[in-house]
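Engineer: Sharing coords-v7.tsv, TSV, C-alpha atoms and all ligand atoms:
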```tsv
chain	number	residue	atom	x	y	z
A	1	MET	CA	-14.54	21.09	38.32
A	2	ALA	CA	-12.07	18.76	36.58
A	3	ASP	CA	-12.28	18.62	32.77
A	4	ASN	CA	-13.54	15.14	31.93
A	5	LYS	CA	-14.55	15.89	28.39
A	6	ILE	CA	-13.48	14.00	25.30
A	7	TYR	CA	-12.50	16.38	22.49
A	8	ARG	CA	-12.86	14.91	19.01
A	9	ALA	CA	-12.35	15.71	15.29
A	10	SER	CA	-12.56	13.57	12.15
A	11	THR	CA	-11.20	13.89	8.65
A	12	THR	CA	-10.40	11.87	5.54
A	13	ALA	CA	-7.28	11.94	3.38
A	14	PRO	CA	-6.95	10.57	-0.14
A	15	VAL	CA	-4.42	8.23	-1.71
A	16	ASN	CA	-1.98	9.84	-4.12
A	17	ILE	CA	-0.14	8.03	-6.90
A	18	ALA	CA	3.14	9.59	-8.02
A	19	VAL	CA	3.85	10.17	-11.69
A	20	ILE	CA	7.36	11.39	-10.80
A	21	LYS	CA	8.51	9.05	-8.04
A	22	TYR	CA	10.04	9.83	-4.65
A	23	TRP	CA	12.80	7.29	-4.08
A	24	GLY	CA	15.77	8.15	-1.86
A	25	LYS	CA	16.33	10.22	1.26
A	26	ARG	CA	19.08	12.71	1.94
A	27	ASP	CA	17.99	12.79	5.61
A	28	PRO	CA	16.20	9.65	6.85
A	29	LYS	CA	15.27	11.20	10.21
A	30	LEU	CA	13.44	14.20	8.73
A	31	ASN	CA	12.35	12.26	5.60
A	32	LEU	CA	14.07	14.74	3.30
A	33	PRO	CA	14.15	13.37	-0.25
A	34	THR	CA	16.98	13.26	-2.79
A	35	ASN	CA	14.58	14.40	-5.53
A	36	SER	CA	11.33	16.29	-5.94
A	37	SER	CA	8.21	14.31	-6.91
A	38	LEU	CA	4.73	14.87	-8.31
A	39	SER	CA	1.48	12.97	-7.85
A	40	VAL	CA	-2.18	12.81	-8.75
A	41	THR	CA	-4.67	12.60	-5.88
A	42	LEU	CA	-7.33	9.93	-6.31
A	43	SER	CA	-11.00	10.22	-5.49
A	44	GLN	CA	-11.81	9.87	-1.82
A	45	SER	CA	-14.90	7.88	-2.64
A	46	ASP	CA	-12.62	5.13	-3.98
A	47	LEU	CA	-9.45	5.15	-1.87
A	48	ARG	CA	-9.03	7.01	1.37
A	49	THR	CA	-8.20	6.87	5.06
A	50	HIS	CA	-10.81	8.05	7.55
A	51	THR	CA	-9.38	9.16	10.88
A	52	THR	CA	-10.83	10.38	14.14
A	53	ALA	CA	-8.50	12.03	16.63
A	54	SER	CA	-9.62	12.55	20.18
A	55	CYS	CA	-7.96	13.60	23.40
A	56	SER	CA	-9.03	13.66	26.99
A	57	PRO	CA	-7.54	13.88	30.48
A	58	LYS	CA	-9.41	10.58	31.06
A	59	TYR	CA	-7.13	8.72	28.61
A	60	THR	CA	-4.06	7.09	30.12
A	61	CYS	CA	-1.70	7.08	27.12
A	62	ASP	CA	-1.43	7.93	23.41
A	63	SER	CA	-2.93	5.18	21.23
A	64	LEU	CA	-3.55	4.39	17.56
A	65	LEU	CA	-6.00	1.87	16.12
A	66	LEU	CA	-5.67	1.05	12.39
A	67	ASN	CA	-8.45	-1.03	10.83
A	68	GLY	CA	-9.30	-2.23	14.33
A	69	SER	CA	-5.74	-3.30	15.29
A	70	PRO	CA	-3.69	-1.47	17.93
A	71	GLN	CA	-0.49	0.05	16.47
A	72	ASP	CA	2.76	0.98	18.15
A	73	VAL	CA	2.90	4.76	18.62
A	74	SER	CA	6.40	4.83	20.09
A	75	GLY	CA	8.09	4.95	16.67
A	76	ALA	CA	10.06	8.08	15.81
A	77	ARG	CA	7.75	9.02	12.90
A	78	THR	CA	4.48	8.98	14.83
A	79	GLN	CA	6.20	10.67	17.76
A	80	ALA	CA	7.55	13.43	15.49
A	81	CYS	CA	4.00	14.16	14.23
A	82	PHE	CA	2.53	14.17	17.76
A	83	ARG	CA	5.37	16.36	19.07
A	84	GLU	CA	5.13	18.99	16.32
A	85	LEU	CA	1.33	19.23	16.46
A	86	ARG	CA	1.37	19.49	20.27
A	87	ALA	CA	3.98	22.26	20.05
A	88	LEU	CA	1.72	24.25	17.69
A	89	ARG	CA	-1.27	23.76	20.01
A	90	LYS	CA	0.86	24.77	23.03
A	91	LYS	CA	1.66	28.03	21.26
A	92	LEU	CA	-2.05	28.73	20.74
A	93	GLU	CA	-2.76	27.93	24.40
A	94	ALA	CA	0.01	30.31	25.50
A	95	GLU	CA	-1.58	33.08	23.42
A	96	ASN	CA	-5.12	32.39	24.66
A	97	PHE	CA	-5.51	31.25	28.27
A	98	SER	CA	-9.20	30.42	27.82
A	99	LEU	CA	-8.34	27.46	25.57
A	100	PRO	CA	-8.44	24.03	27.26
A	101	PRO	CA	-4.91	22.53	27.54
A	102	LEU	CA	-5.45	19.83	24.88
A	103	SER	CA	-1.69	19.71	24.22
A	104	THR	CA	-1.24	18.04	27.60
A	105	TYR	CA	-3.91	15.33	27.11
A	106	PRO	CA	-3.21	11.82	25.74
A	107	LEU	CA	-4.35	11.30	22.14
A	108	LYS	CA	-6.47	8.48	20.76
A	109	ILE	CA	-6.34	8.02	16.96
A	110	VAL	CA	-8.75	5.68	15.17
A	111	SER	CA	-8.09	5.11	11.43
A	112	GLU	CA	-9.79	3.01	8.78
A	113	ASN	CA	-8.53	2.43	5.23
A	114	ASN	CA	-10.96	1.35	2.52
A	115	PHE	CA	-8.14	-0.35	0.54
A	116	PRO	CA	-5.40	-2.94	1.24
A	117	THR	CA	-2.79	-1.62	3.69
A	118	ALA	CA	0.89	-1.73	2.66
A	119	ALA	CA	0.20	-3.28	-0.76
A	120	GLY	CA	1.94	-0.55	-2.71
A	121	LEU	CA	-1.22	1.57	-2.64
A	122	ALA	CA	0.31	4.43	-0.69
A	123	SER	CA	-1.47	3.51	2.52
A	124	SER	CA	1.12	5.32	4.65
A	125	ALA	CA	0.58	8.48	2.58
A	126	ALA	CA	-3.16	8.71	3.20
A	127	GLY	CA	-2.65	7.40	6.76
A	128	PHE	CA	-0.20	10.04	7.97
A	129	ALA	CA	-1.95	12.84	6.05
A	130	ALA	CA	-5.24	11.94	7.77
A	131	LEU	CA	-3.55	11.59	11.17
A	132	VAL	CA	-1.92	15.01	10.91
A	133	ARG	CA	-5.02	16.77	9.64
A	134	ALA	CA	-7.32	15.11	12.19
A	135	ILE	CA	-5.08	16.27	15.07
A	136	ALA	CA	-4.71	19.74	13.50
A	137	ASN	CA	-8.52	19.96	13.35
A	138	LEU	CA	-8.83	18.70	16.93
A	139	TYR	CA	-6.33	21.36	18.08
A	140	GLU	CA	-8.02	24.01	15.88
A	141	LEU	CA	-4.66	24.95	14.37
A	142	PRO	CA	-4.74	27.70	11.76
A	143	SER	CA	-2.04	25.89	9.72
A	144	THR	CA	-2.23	25.76	5.91
A	145	PRO	CA	-1.93	22.43	4.00
A	146	THR	CA	1.65	23.45	3.09
A	147	GLU	CA	2.55	23.92	6.77
A	148	LEU	CA	0.92	20.61	7.69
A	149	SER	CA	2.75	18.91	4.81
A	150	LYS	CA	6.05	19.53	6.65
A	151	ILE	CA	4.71	17.56	9.62
A	152	ALA	CA	3.06	14.77	7.57
A	153	ARG	CA	6.34	14.36	5.64
A	154	GLN	CA	8.03	13.30	8.87
A	155	GLY	CA	5.43	10.54	9.28
A	156	SER	CA	5.94	9.25	5.74
A	157	GLY	CA	7.50	11.19	2.88
A	158	SER	CA	4.69	10.69	0.37
A	159	ALA	CA	2.09	11.72	3.00
A	160	CYS	CA	2.92	15.39	2.44
A	161	ARG	CA	1.36	15.11	-1.05
A	162	SER	CA	-1.95	13.75	0.33
A	163	LEU	CA	-2.75	17.06	2.04
A	164	PHE	CA	-3.78	18.52	-1.32
A	165	GLY	CA	-6.22	17.41	-3.97
A	166	GLY	CA	-5.59	17.39	-7.70
A	167	TYR	CA	-2.02	17.56	-9.05
A	168	VAL	CA	0.55	17.95	-6.29
A	169	GLY	CA	4.30	18.52	-6.21
A	170	TRP	CA	6.71	17.92	-3.36
A	171	ASP	CA	9.73	20.20	-3.52
A	172	LYS	CA	12.80	18.38	-2.26
A	173	GLY	CA	14.07	21.64	-0.72
A	174	THR	CA	17.66	22.40	0.21
A	175	ALA	CA	17.47	23.47	3.89
A	176	VAL	CA	19.02	21.01	6.34
A	177	ASP	CA	16.12	21.44	8.78
A	178	GLY	CA	13.55	20.51	6.08
A	179	SER	CA	11.78	23.87	6.33
A	180	ASP	CA	11.49	24.15	2.51
A	181	SER	CA	10.72	20.48	1.79
A	182	VAL	CA	6.98	20.97	1.37
A	183	ALA	CA	4.08	19.96	-0.86
A	184	PHE	CA	2.50	22.46	-3.25
A	185	GLU	CA	-0.47	22.47	-5.60
A	186	VAL	CA	0.47	22.22	-9.27
A	187	ALA	CA	-3.19	22.41	-10.36
A	188	PRO	CA	-6.53	21.63	-8.73
A	189	ALA	CA	-8.41	18.54	-9.95
A	190	SER	CA	-10.94	20.86	-11.62
A	191	HIS	CA	-8.18	22.03	-13.99
A	192	TRP	CA	-8.13	18.62	-15.74
A	193	PRO	CA	-11.32	16.95	-14.52
A	194	ASN	CA	-11.48	14.22	-17.17
A	195	MET	CA	-8.33	12.52	-15.83
A	196	ARG	CA	-9.12	8.96	-14.73
A	197	ALA	CA	-7.16	6.14	-13.12
A	198	VAL	CA	-7.86	2.45	-13.10
A	199	ILE	CA	-6.05	0.51	-10.40
A	200	LEU	CA	-5.30	-3.13	-11.06
A	201	VAL	CA	-4.80	-4.87	-7.77
A	202	VAL	CA	-2.40	-7.66	-8.69
A	203	SER	CA	-1.69	-8.49	-5.09
A	204	ALA	CA	-3.14	-7.16	-1.87
A	205	ALA	CA	-0.35	-8.86	0.12
A	206	LYS	CA	2.08	-6.80	2.18
A	207	LYS	CA	5.11	-5.89	0.08
A	208	GLY	CA	8.38	-7.81	0.48
A	209	VAL	CA	10.79	-4.86	0.80
A	210	SER	CA	9.47	-1.75	2.56
A	211	SER	CA	9.90	1.57	0.75
A	212	THR	CA	12.02	2.96	3.58
A	213	THR	CA	14.49	0.07	3.51
A	214	GLY	CA	14.41	-0.25	-0.27
A	215	MET	CA	15.21	3.38	-1.00
A	216	GLN	CA	18.03	3.49	1.55
A	217	THR	CA	19.66	0.48	-0.11
A	218	THR	CA	19.19	2.02	-3.57
A	219	VAL	CA	20.87	5.28	-2.50
A	220	ALA	CA	23.76	3.31	-0.99
A	221	THR	CA	24.36	0.88	-3.87
A	222	SER	CA	22.81	1.82	-7.23
A	223	SER	CA	25.15	3.35	-9.81
A	224	LEU	CA	22.13	4.49	-11.86
A	225	PHE	CA	20.66	6.40	-8.94
A	226	PRO	CA	22.78	9.63	-8.97
A	227	ALA	CA	21.85	10.36	-12.60
A	228	ARG	CA	18.16	9.76	-11.85
A	229	ALA	CA	18.12	12.02	-8.78
A	230	ASN	CA	20.34	14.82	-10.10
A	231	GLU	CA	19.59	14.98	-13.83
A	232	THR	CA	16.60	12.92	-14.97
A	233	VAL	CA	14.04	13.88	-12.32
A	234	PRO	CA	14.69	17.66	-12.25
A	235	LYS	CA	14.15	17.74	-16.04
A	236	ARG	CA	11.02	15.57	-15.81
A	237	MET	CA	9.50	17.67	-13.01
A	238	LYS	CA	9.45	20.66	-15.36
A	239	GLU	CA	8.11	18.58	-18.28
A	240	MET	CA	5.38	17.13	-16.08
A	241	GLU	CA	4.31	20.46	-14.59
A	242	ASN	CA	4.04	21.90	-18.10
A	243	ALA	CA	2.15	18.86	-19.39
A	244	ILE	CA	-0.39	19.25	-16.56
A	245	LYS	CA	-0.71	23.01	-17.07
A	246	ASN	CA	-1.24	22.47	-20.82
A	247	LYS	CA	-3.47	19.38	-20.33
A	248	ASP	CA	-1.10	17.57	-22.69
A	249	PHE	CA	-1.90	13.87	-22.04
A	250	GLU	CA	0.62	12.64	-24.60
A	251	THR	CA	3.54	14.17	-22.64
A	252	PHE	CA	1.93	13.42	-19.25
A	253	GLY	CA	1.63	9.76	-20.24
A	254	LYS	CA	5.07	9.36	-21.75
A	255	VAL	CA	6.85	11.01	-18.81
A	256	THR	CA	4.77	8.98	-16.32
A	257	MET	CA	5.73	5.68	-17.92
A	258	ARG	CA	9.40	6.61	-18.34
A	259	ASP	CA	9.66	7.73	-14.74
A	260	SER	CA	8.06	4.53	-13.44
A	261	ASN	CA	10.51	2.50	-15.52
A	262	SER	CA	13.47	4.62	-14.36
A	263	PHE	CA	12.47	4.11	-10.70
A	264	HIS	CA	12.12	0.33	-11.16
A	265	ALA	CA	15.45	0.25	-13.06
A	266	THR	CA	17.21	1.77	-10.04
A	267	CYS	CA	15.47	-0.86	-7.87
A	268	LEU	CA	16.84	-3.64	-10.08
A	269	ASP	CA	20.26	-1.93	-9.98
A	270	THR	CA	20.20	-2.08	-6.16
A	271	GLU	CA	22.42	-4.60	-4.37
A	272	PRO	CA	20.72	-6.97	-3.53
A	273	PRO	CA	18.23	-6.25	-6.35
A	274	ILE	CA	14.66	-5.24	-5.51
A	275	PHE	CA	11.85	-6.64	-7.68
A	276	TYR	CA	8.50	-4.95	-7.24
A	277	LEU	CA	7.02	-5.84	-10.64
A	278	ASN	CA	5.88	-9.38	-11.43
A	279	ASP	CA	4.71	-11.18	-14.59
A	280	VAL	CA	1.19	-9.76	-14.28
A	281	SER	CA	2.63	-6.23	-13.94
A	282	ARG	CA	4.68	-6.77	-17.10
A	283	ALA	CA	1.58	-8.09	-18.90
A	284	ALA	CA	-0.16	-4.81	-17.97
A	285	ILE	CA	2.73	-2.84	-19.51
A	286	LYS	CA	2.36	-4.83	-22.74
A	287	ILE	CA	-1.38	-4.17	-22.86
A	288	VAL	CA	-0.85	-0.42	-22.42
A	289	GLU	CA	1.74	-0.50	-25.22
A	290	GLY	CA	-0.82	-2.32	-27.40
A	291	ILE	CA	-3.55	0.23	-26.58
A	292	ASN	CA	-1.28	3.16	-27.46
A	293	CYS	CA	-0.03	1.48	-30.62
A	294	ALA	CA	-3.61	0.83	-31.80
A	295	ALA	CA	-4.58	4.45	-31.02
A	296	GLY	CA	-1.51	5.83	-32.79
A	297	LYS	CA	-0.80	8.04	-29.76
A	298	THR	CA	-0.44	7.83	-25.98
A	299	ILE	CA	-3.93	7.51	-24.49
A	300	ALA	CA	-2.98	5.28	-21.52
A	301	ALA	CA	-0.07	5.51	-19.09
A	302	TYR	CA	0.99	2.89	-16.53
A	303	THR	CA	2.85	3.51	-13.31
A	304	PHE	CA	3.90	1.15	-10.50
A	305	ASP	CA	4.88	2.01	-6.93
A	306	ALA	CA	6.73	-0.24	-4.51
A	307	GLY	CA	4.56	-3.23	-5.41
A	308	PRO	CA	3.14	-5.09	-8.42
A	309	ASN	CA	-0.19	-3.21	-8.66
A	310	ALA	CA	-0.66	-1.16	-11.82
A	311	VAL	CA	-2.19	2.29	-11.90
A	312	ILE	CA	-3.25	3.27	-15.42
A	313	TYR	CA	-4.03	6.93	-16.13
A	314	TYR	CA	-6.27	7.84	-19.07
A	315	LEU	CA	-8.81	10.49	-20.05
A	316	GLU	CA	-12.54	9.90	-19.65
A	317	GLU	CA	-13.09	9.98	-23.40
A	318	HIS	CA	-10.92	6.87	-23.73
A	319	GLU	CA	-12.77	4.88	-21.06
A	320	ASN	CA	-13.71	2.06	-23.45
A	321	GLU	CA	-10.32	1.72	-25.15
A	322	VAL	CA	-8.45	1.72	-21.82
A	323	ALA	CA	-10.45	0.62	-18.78
A	324	GLY	CA	-12.90	-1.37	-20.91
A	325	LEU	CA	-10.14	-3.25	-22.68
A	326	PHE	CA	-8.31	-3.96	-19.44
A	327	LYS	CA	-11.45	-5.40	-17.97
A	328	ALA	CA	-12.10	-7.54	-21.04
A	329	MET	CA	-8.52	-8.85	-21.24
A	330	MET	CA	-7.62	-9.17	-17.59
A	331	GLY	CA	-10.99	-9.45	-15.91
A	332	GLU	CA	-10.97	-13.22	-15.95
A	333	LYS	CA	-7.33	-13.56	-14.93
A	334	GLU	CA	-6.80	-14.77	-11.39
A	335	GLY	CA	-5.52	-12.14	-9.00
A	336	TRP	CA	-6.94	-9.17	-10.87
A	337	GLU	CA	-9.53	-6.82	-9.53
A	338	GLY	CA	-10.30	-3.44	-11.00
A	339	ALA	CA	-10.86	-0.51	-8.70
A	340	ARG	CA	-11.96	2.53	-10.64
A	341	GLY	CA	-10.57	5.84	-9.48
A	342	LYS	CA	-11.13	9.41	-10.47
A	343	ALA	CA	-8.78	12.31	-9.84
A	344	VAL	CA	-10.77	14.77	-7.80
A	345	GLN	CA	-10.22	17.57	-5.34
A	346	ALA	CA	-9.54	16.39	-1.81
A	347	ASN	CA	-12.03	17.48	0.77
A	348	HIS	CA	-10.38	19.96	3.17
A	349	GLU	CA	-12.54	20.09	6.24
A	401	LIG	C1	6.10	7.80	-4.37
A	401	LIG	N1	6.87	5.76	-3.15
A	401	LIG	O1	6.56	8.86	-4.80
A	401	LIG	C2	7.08	6.63	-4.26
A	401	LIG	C3	7.07	5.75	-5.45
A	401	LIG	C4	6.99	4.38	-3.52
A	401	LIG	C5	7.40	4.38	-4.93
A	401	LIG	O2	6.64	7.40	-1.69
A	401	LIG	O3	10.07	6.06	4.05
A	401	LIG	O4	6.12	5.21	2.11
A	401	LIG	O5	7.71	6.60	4.63
A	401	LIG	O6	9.14	8.29	3.48
A	401	LIG	O7	6.50	7.66	1.57
A	401	LIG	C6	6.76	5.30	-0.78
A	401	LIG	O8	7.56	5.85	0.17
A	401	LIG	O9	8.40	6.22	2.31
A	401	LIG	C7	6.76	6.21	-1.91
A	401	LIG	P1	8.85	6.83	3.68
A	401	LIG	P2	7.01	6.28	1.60
A	401	LIG	O10	4.89	7.67	-4.06
```
Give the structure from this file in structure tokens form.
Structural biologist:
Amino acid sequence: MADNKIYRASTTAPVNIAVIKYWGKRDPKLNLPTNSSLSVTLSQSDLRTHTTASCSPKYTCDSLLLNGSPQDVSGARTQACFRELRALRKKLEAENFSLPPLSTYPLKIVSENNFPTAAGLASSAAGFAALVRAIANLYELPSTPTELSKIARQGSGSACRSLFGGYVGWDKGTAVDGSDSVAFEVAPASHWPNMRAVILVVSAAKKGVSSTTGMQTTVATSSLFPARANETVPKRMKEMENAIKNKDFETFGKVTMRDSNSFHATCLDTEPPIFYLNDVSRAAIKIVEGINCAAGKTIAAYTFDAGPNAVIYYLEEHENEVAGLFKAMMGEKEGWEGARGKAVQANHE
């Protein structure tokens, strides 16, 4: 009898916010970066993508629905993820003839974000991580998060970091085929469980310059960029890994803020210049400086991705001085919404 079944698997993937930023590709096709990066995974109860992958001989073509809207799946990035995951499933099927030939069936992917898409909140990171893991679960692949990170990276670079919880590095690697450009766990969330993040959504609008286009232009035109990629970031990666291992917030915070500023400086140094920060973002920087000045040490650290939204890291014991103060000062200001996050272990199903 013909197989008319629908095979299905669901998963969630968290948002990650980099404290050492990925900006620049040495290979745009494979999404191989010019520098390593490091991020903190946010709580899935606050910010995450939920994805269901299904396949069936009844389906007529591959499809992807994001927040209820059909998406184009013909792009090279989505195709690369589908191709690599199907190849791994095909291998399993060749080793075990009793397995149904899922690799030959069209795929249907249904994803929902619980945060604004493409607003500088790493939606592509959680999106591709969830897509890859949902299909890997559907295909019952024995792959580790590191192995899957190589596939998710081809969907969107920062997605490789969303396959882990806690504190996550992405090694730029040196191999031309990208085989060593993978994500790795620096420390689980349980290592430093009092880390908190408050996200200040300045604008939920789609960003003006996409990360992919922006970073390509920066690599091609910025004179500051080579020093950032070759000298500044390698040194900061070591400092940041040590700060996390030692639970040294002072260093964690200082390096986070300096790296955000260095990334935005290379954006401004791009021809034509790229402006992701706005006046409200700069006001947030001033408030953090005020908080740290009043405390006499670094207890809050801002970072901004490819958009104006601020992510402020702090420790739970400074909730009132940091998140409380932000709420009091900015709560009334138009365009500001607080979304409280907590750095926790991602749920690997
Ligand atoms: C990061 N960003 O490390 C940096 C900081 C934005 C600023 O990773 O072209 O969407 O899909 O590989 O992953 C955004 O870049 O770019 C990003 P693609 P992606 O989080």
Engineer: Can I get the residues close to ligand LIG 401 (chain A) as a short mmCIF file (atom, residue, chain, number, x, y, z; two decimals) with C-alpha atoms, in the frame of the given file, where close means within 7 Å and we count all atoms listed in the file?
Structural biologist:
```cif
data_model
loop_
_atom_site.label_atom_id
_atom_site.label_comp_id
_atom_site.auth_asym_id
_atom_site.auth_seq_id
_atom_site.Cartn_x
_atom_site.Cartn_y
_atom_site.Cartn_z
CA ILE A 17 -0.14 8.03 -6.90
CA ALA A 18 3.14 9.59 -8.02
CA ILE A 20 7.36 11.39 -10.80
CA LYS A 21 8.51 9.05 -8.04
CA TYR A 22 10.04 9.83 -4.65
CA TRP A 23 12.80 7.29 -4.08
CA ASN A 31 12.35 12.26 5.60
CA SER A 37 8.21 14.31 -6.91
CA ALA A 122 0.31 4.43 -0.69
CA SER A 124 1.12 5.32 4.65
CA ALA A 125 0.58 8.48 2.58
CA GLY A 155 5.43 10.54 9.28
CA SER A 156 5.94 9.25 5.74
CA GLY A 157 7.50 11.19 2.88
CA SER A 158 4.69 10.69 0.37
CA ALA A 159 2.09 11.72 3.00
CA SER A 211 9.90 1.57 0.75
CA THR A 212 12.02 2.96 3.58
CA ASP A 305 4.88 2.01 -6.93
CA ALA A 306 6.73 -0.24 -4.51
#
```
Engineer: Which residue out of A:Thr52, A:Ser210, A:Ser45, A:Ser262 has the minimum interatomic distance to Val233 (chain A) when only C-alpha atoms are used?
Structural biologist: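 Smallest separation from Val233 (chain A) among the options: A:Ser262.
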Engineer: Please provide the set of residues having any atom within 7 Å of Tyr314 (chain A), restricted to only C-alpha atoms, with same-chain residues fewer than 6 positions apart removed, written as a list in words.
Structural biologist: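 Surrounding residues, per the criterion: Met195, Arg196, Ala197, Ile299, Ala300 and Ala301 of chain A.
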Engineer: Which residue out of A:Arg83, A:Lys90, A:Lys25, A:His318 has the minimum interatomic distance to Leu107 (chain A) when all atoms listed in the file are used?
Structural biologist: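 Of the candidates, the smallest distance to Leu107 (chain A) is held by A:Arg83.
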Engineer: Determine the nearest neighbour of Asp269 (chain A) from the options A:Cys160, A:Ala80, A:Ala220, A:Ile244, counting only C-alpha atoms.
Structural biologist: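 Of A:Cys160, A:Ala80, A:Ala220, A:Ile244, the one nearest Asp269 (chain A), counting only C-alpha atoms, is A:Ala220.
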Engineer: Need the neighbours of (-7.9, 6.6, 10.7): which residues are at most 7 Å away, counting only C-alpha atoms, as a PDB file with C-alpha atoms, in the coordinates of the input?
Structural biologist:
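To be explicit, this is the file written out as point-v5.pdb:
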```pdb
ATOM      1  CA  THR A  49      -8.200   6.870   5.060  1.00  0.00           C
ATOM      2  CA  HIS A  50     -10.810   8.050   7.550  1.00  0.00           C
ATOM      3  CA  THR A  51      -9.380   9.160  10.880  1.00  0.00           C
ATOM      4  CA  THR A  52     -10.830  10.380  14.140  1.00  0.00           C
ATOM      5  CA  LEU A  66      -5.670   1.050  12.390  1.00  0.00           C
ATOM      6  CA  ILE A 109      -6.340   8.020  16.960  1.00  0.00           C
ATOM      7  CA  VAL A 110      -8.750   5.680  15.170  1.00  0.00           C
ATOM      8  CA  SER A 111      -8.090   5.110  11.430  1.00  0.00           C
ATOM      9  CA  GLU A 112      -9.790   3.010   8.780  1.00  0.00           C
ATOM     10  CA  ASN A 113      -8.530   2.430   5.230  1.00  0.00           C
ATOM     11  CA  GLY A 127      -2.650   7.400   6.760  1.00  0.00           C
ATOM     12  CA  ALA A 130      -5.240  11.940   7.770  1.00  0.00           C
ATOM     13  CA  LEU A 131      -3.550  11.590  11.170  1.00  0.00           C
TER      14      LEU A 131
END
```
Engineer: Between A:Ala134, A:Leu88, A:Cys61, A:Phe82, which one has atoms that come closest to Ser10 (chain A), using all atoms listed in the file?
Structural biologist: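 Using all atoms listed in the file, the shortest distance to Ser10 (chain A) belongs to A:Ala134.
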Engineer: How many Å separate CA of Glu239 (chain A) from CA of Ala126 (chain A)?
Structural biologist: 26.2 Å
Engineer: Between A:Pro33, A:Pro308, A:Gly324, A:Pro28, which residue has the minimum interatomic distance to Arg282 (chain A), considering all atoms listed in the file?
Structural biologist: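 Under the stated criterion, the closest residue is A:Pro308.
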Engineer: Could you give me the axis-aligned bounding box of region 133-148 of chain A, with 5 Å of padding per side, as centre plus edge lengths in Å to one decimal, as JSON?
Structural biologist:
```
{"center_x": -3.1, "center_y": 21.4, "center_z": 10.6, "size_x": 21.4, "size_y": 22.6, "size_z": 25.0}
```
Engineer: When you count only C-alpha atoms, which of these residues is closest to Ser43 (chain A): A:Ala189, A:Ala243, A:Ala183, A:Ala9?
Structural biologist: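 Smallest separation from Ser43 (chain A) among the options: A:Ala189.
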Engineer: For CA of Glu316 (chain A) and CA of Gly169 (chain A), determine how far apart the two atoms are, in Å to one decimal place.
Structural biologist: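 Separating CA of Glu316 (chain A) from CA of Gly169 (chain A) is a distance of 23.2 Å.
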Engineer: What is the CA of Lys286 (chain A)-CA of Ile312 (chain A) distance in Å, reported with one decimal?
Structural biologist: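 Atom-to-atom, CA of Lys286 (chain A) to CA of Ile312 (chain A), that is 12.3 Å.
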Engineer: Can you find the residues with an atom no farther than 10 Å from (-2.6, 17.9, -18.1), counting all atoms listed in the file, and report them as a CSV table (one decimal) with C-alpha atoms, keeping the file's coordinate frame?
Structural biologist:
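Below you can see part.csv, which holds the result:
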```
chain,number,residue,atom,x,y,z
A,167,TYR,CA,-2.0,17.6,-9.0
A,187,ALA,CA,-3.2,22.4,-10.4
A,191,HIS,CA,-8.2,22.0,-14.0
A,192,TRP,CA,-8.1,18.6,-15.7
A,193,PRO,CA,-11.3,17.0,-14.5
A,194,ASN,CA,-11.5,14.2,-17.2
A,195,MET,CA,-8.3,12.5,-15.8
A,240,MET,CA,5.4,17.1,-16.1
A,241,GLU,CA,4.3,20.5,-14.6
A,242,ASN,CA,4.0,21.9,-18.1
A,243,ALA,CA,2.2,18.9,-19.4
A,244,ILE,CA,-0.4,19.2,-16.6
A,245,LYS,CA,-0.7,23.0,-17.1
A,246,ASN,CA,-1.2,22.5,-20.8
A,247,LYS,CA,-3.5,19.4,-20.3
A,248,ASP,CA,-1.1,17.6,-22.7
A,249,PHE,CA,-1.9,13.9,-22.0
A,250,GLU,CA,0.6,12.6,-24.6
A,251,THR,CA,3.5,14.2,-22.6
A,252,PHE,CA,1.9,13.4,-19.2
A,253,GLY,CA,1.6,9.8,-20.2
A,315,LEU,CA,-8.8,10.5,-20.0
```
Engineer: Quick one: residues within 8 Å of Ser103 (chain A), all atoms listed in the file counted, chain neighbours fewer than 3 positions away excluded, as a count of residues only?
Structural biologist: 5
Engineer: Need the shell around region 222-228 of chain A: protein/DNA/RNA residues with any atom at most 9 Å away, counting all atoms listed in the file. Skip same-chain ones fewer than 4 positions apart. Format as a VMD selection string?
Structural biologist: chain A and resid 24 35 217 to 218 232 to 234 262 to 263 265 to 271
Engineer: For Ser281 (chain A), list every protein, DNA or RNA residue within 8 Å, evaluated using only C-alpha atoms, and leave out those in the same chain fewer than 2 positions away; present the list as a list in words.
Structural biologist: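 Listed by chain and then number, they are Val202, Leu277, Asn278, Asp279, Ala283, Ala284, Ile285, Pro308, Asn309 and Ala310 of chain A.
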Engineer: Skipping near chain neighbours, those fewer than 4 positions away, what residues fall within 8 Å of Lys108 (chain A) using only C-alpha atoms, listed as a PyMOL selection string?
Structural biologist: chain A and resi 53-55+59+62-64
Engineer: Mind rebuilding region 240-244 of chain A with N, CA and C atoms and writing that out as an mmCIF file, in the coordinates of the input?
Structural biologist:
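Okay, out-v7.cif is ready:
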```cif
data_model
loop_
_atom_site.group_PDB
_atom_site.id
_atom_site.type_symbol
_atom_site.label_atom_id
_atom_site.label_comp_id
_atom_site.auth_asym_id
_atom_site.auth_seq_id
_atom_site.Cartn_x
_atom_site.Cartn_y
_atom_site.Cartn_z
ATOM 1 N N MET A 240 6.662 17.588 -16.616
ATOM 2 C CA MET A 240 5.380 17.130 -16.080
ATOM 3 C C MET A 240 4.504 18.308 -15.653
ATOM 4 N N GLU A 241 5.098 19.283 -14.986
ATOM 5 C CA GLU A 241 4.310 20.460 -14.590
ATOM 6 C C GLU A 241 3.726 21.152 -15.813
ATOM 7 N N ASN A 242 4.537 21.273 -16.874
ATOM 8 C CA ASN A 242 4.040 21.900 -18.100
ATOM 9 C C ASN A 242 2.956 21.058 -18.753
ATOM 10 N N ALA A 243 3.147 19.740 -18.774
ATOM 11 C CA ALA A 243 2.150 18.860 -19.390
ATOM 12 C C ALA A 243 0.807 19.006 -18.669
ATOM 13 N N ILE A 244 0.847 19.099 -17.336
ATOM 14 C CA ILE A 244 -0.390 19.250 -16.560
ATOM 15 C C ILE A 244 -1.016 20.619 -16.849
#
```
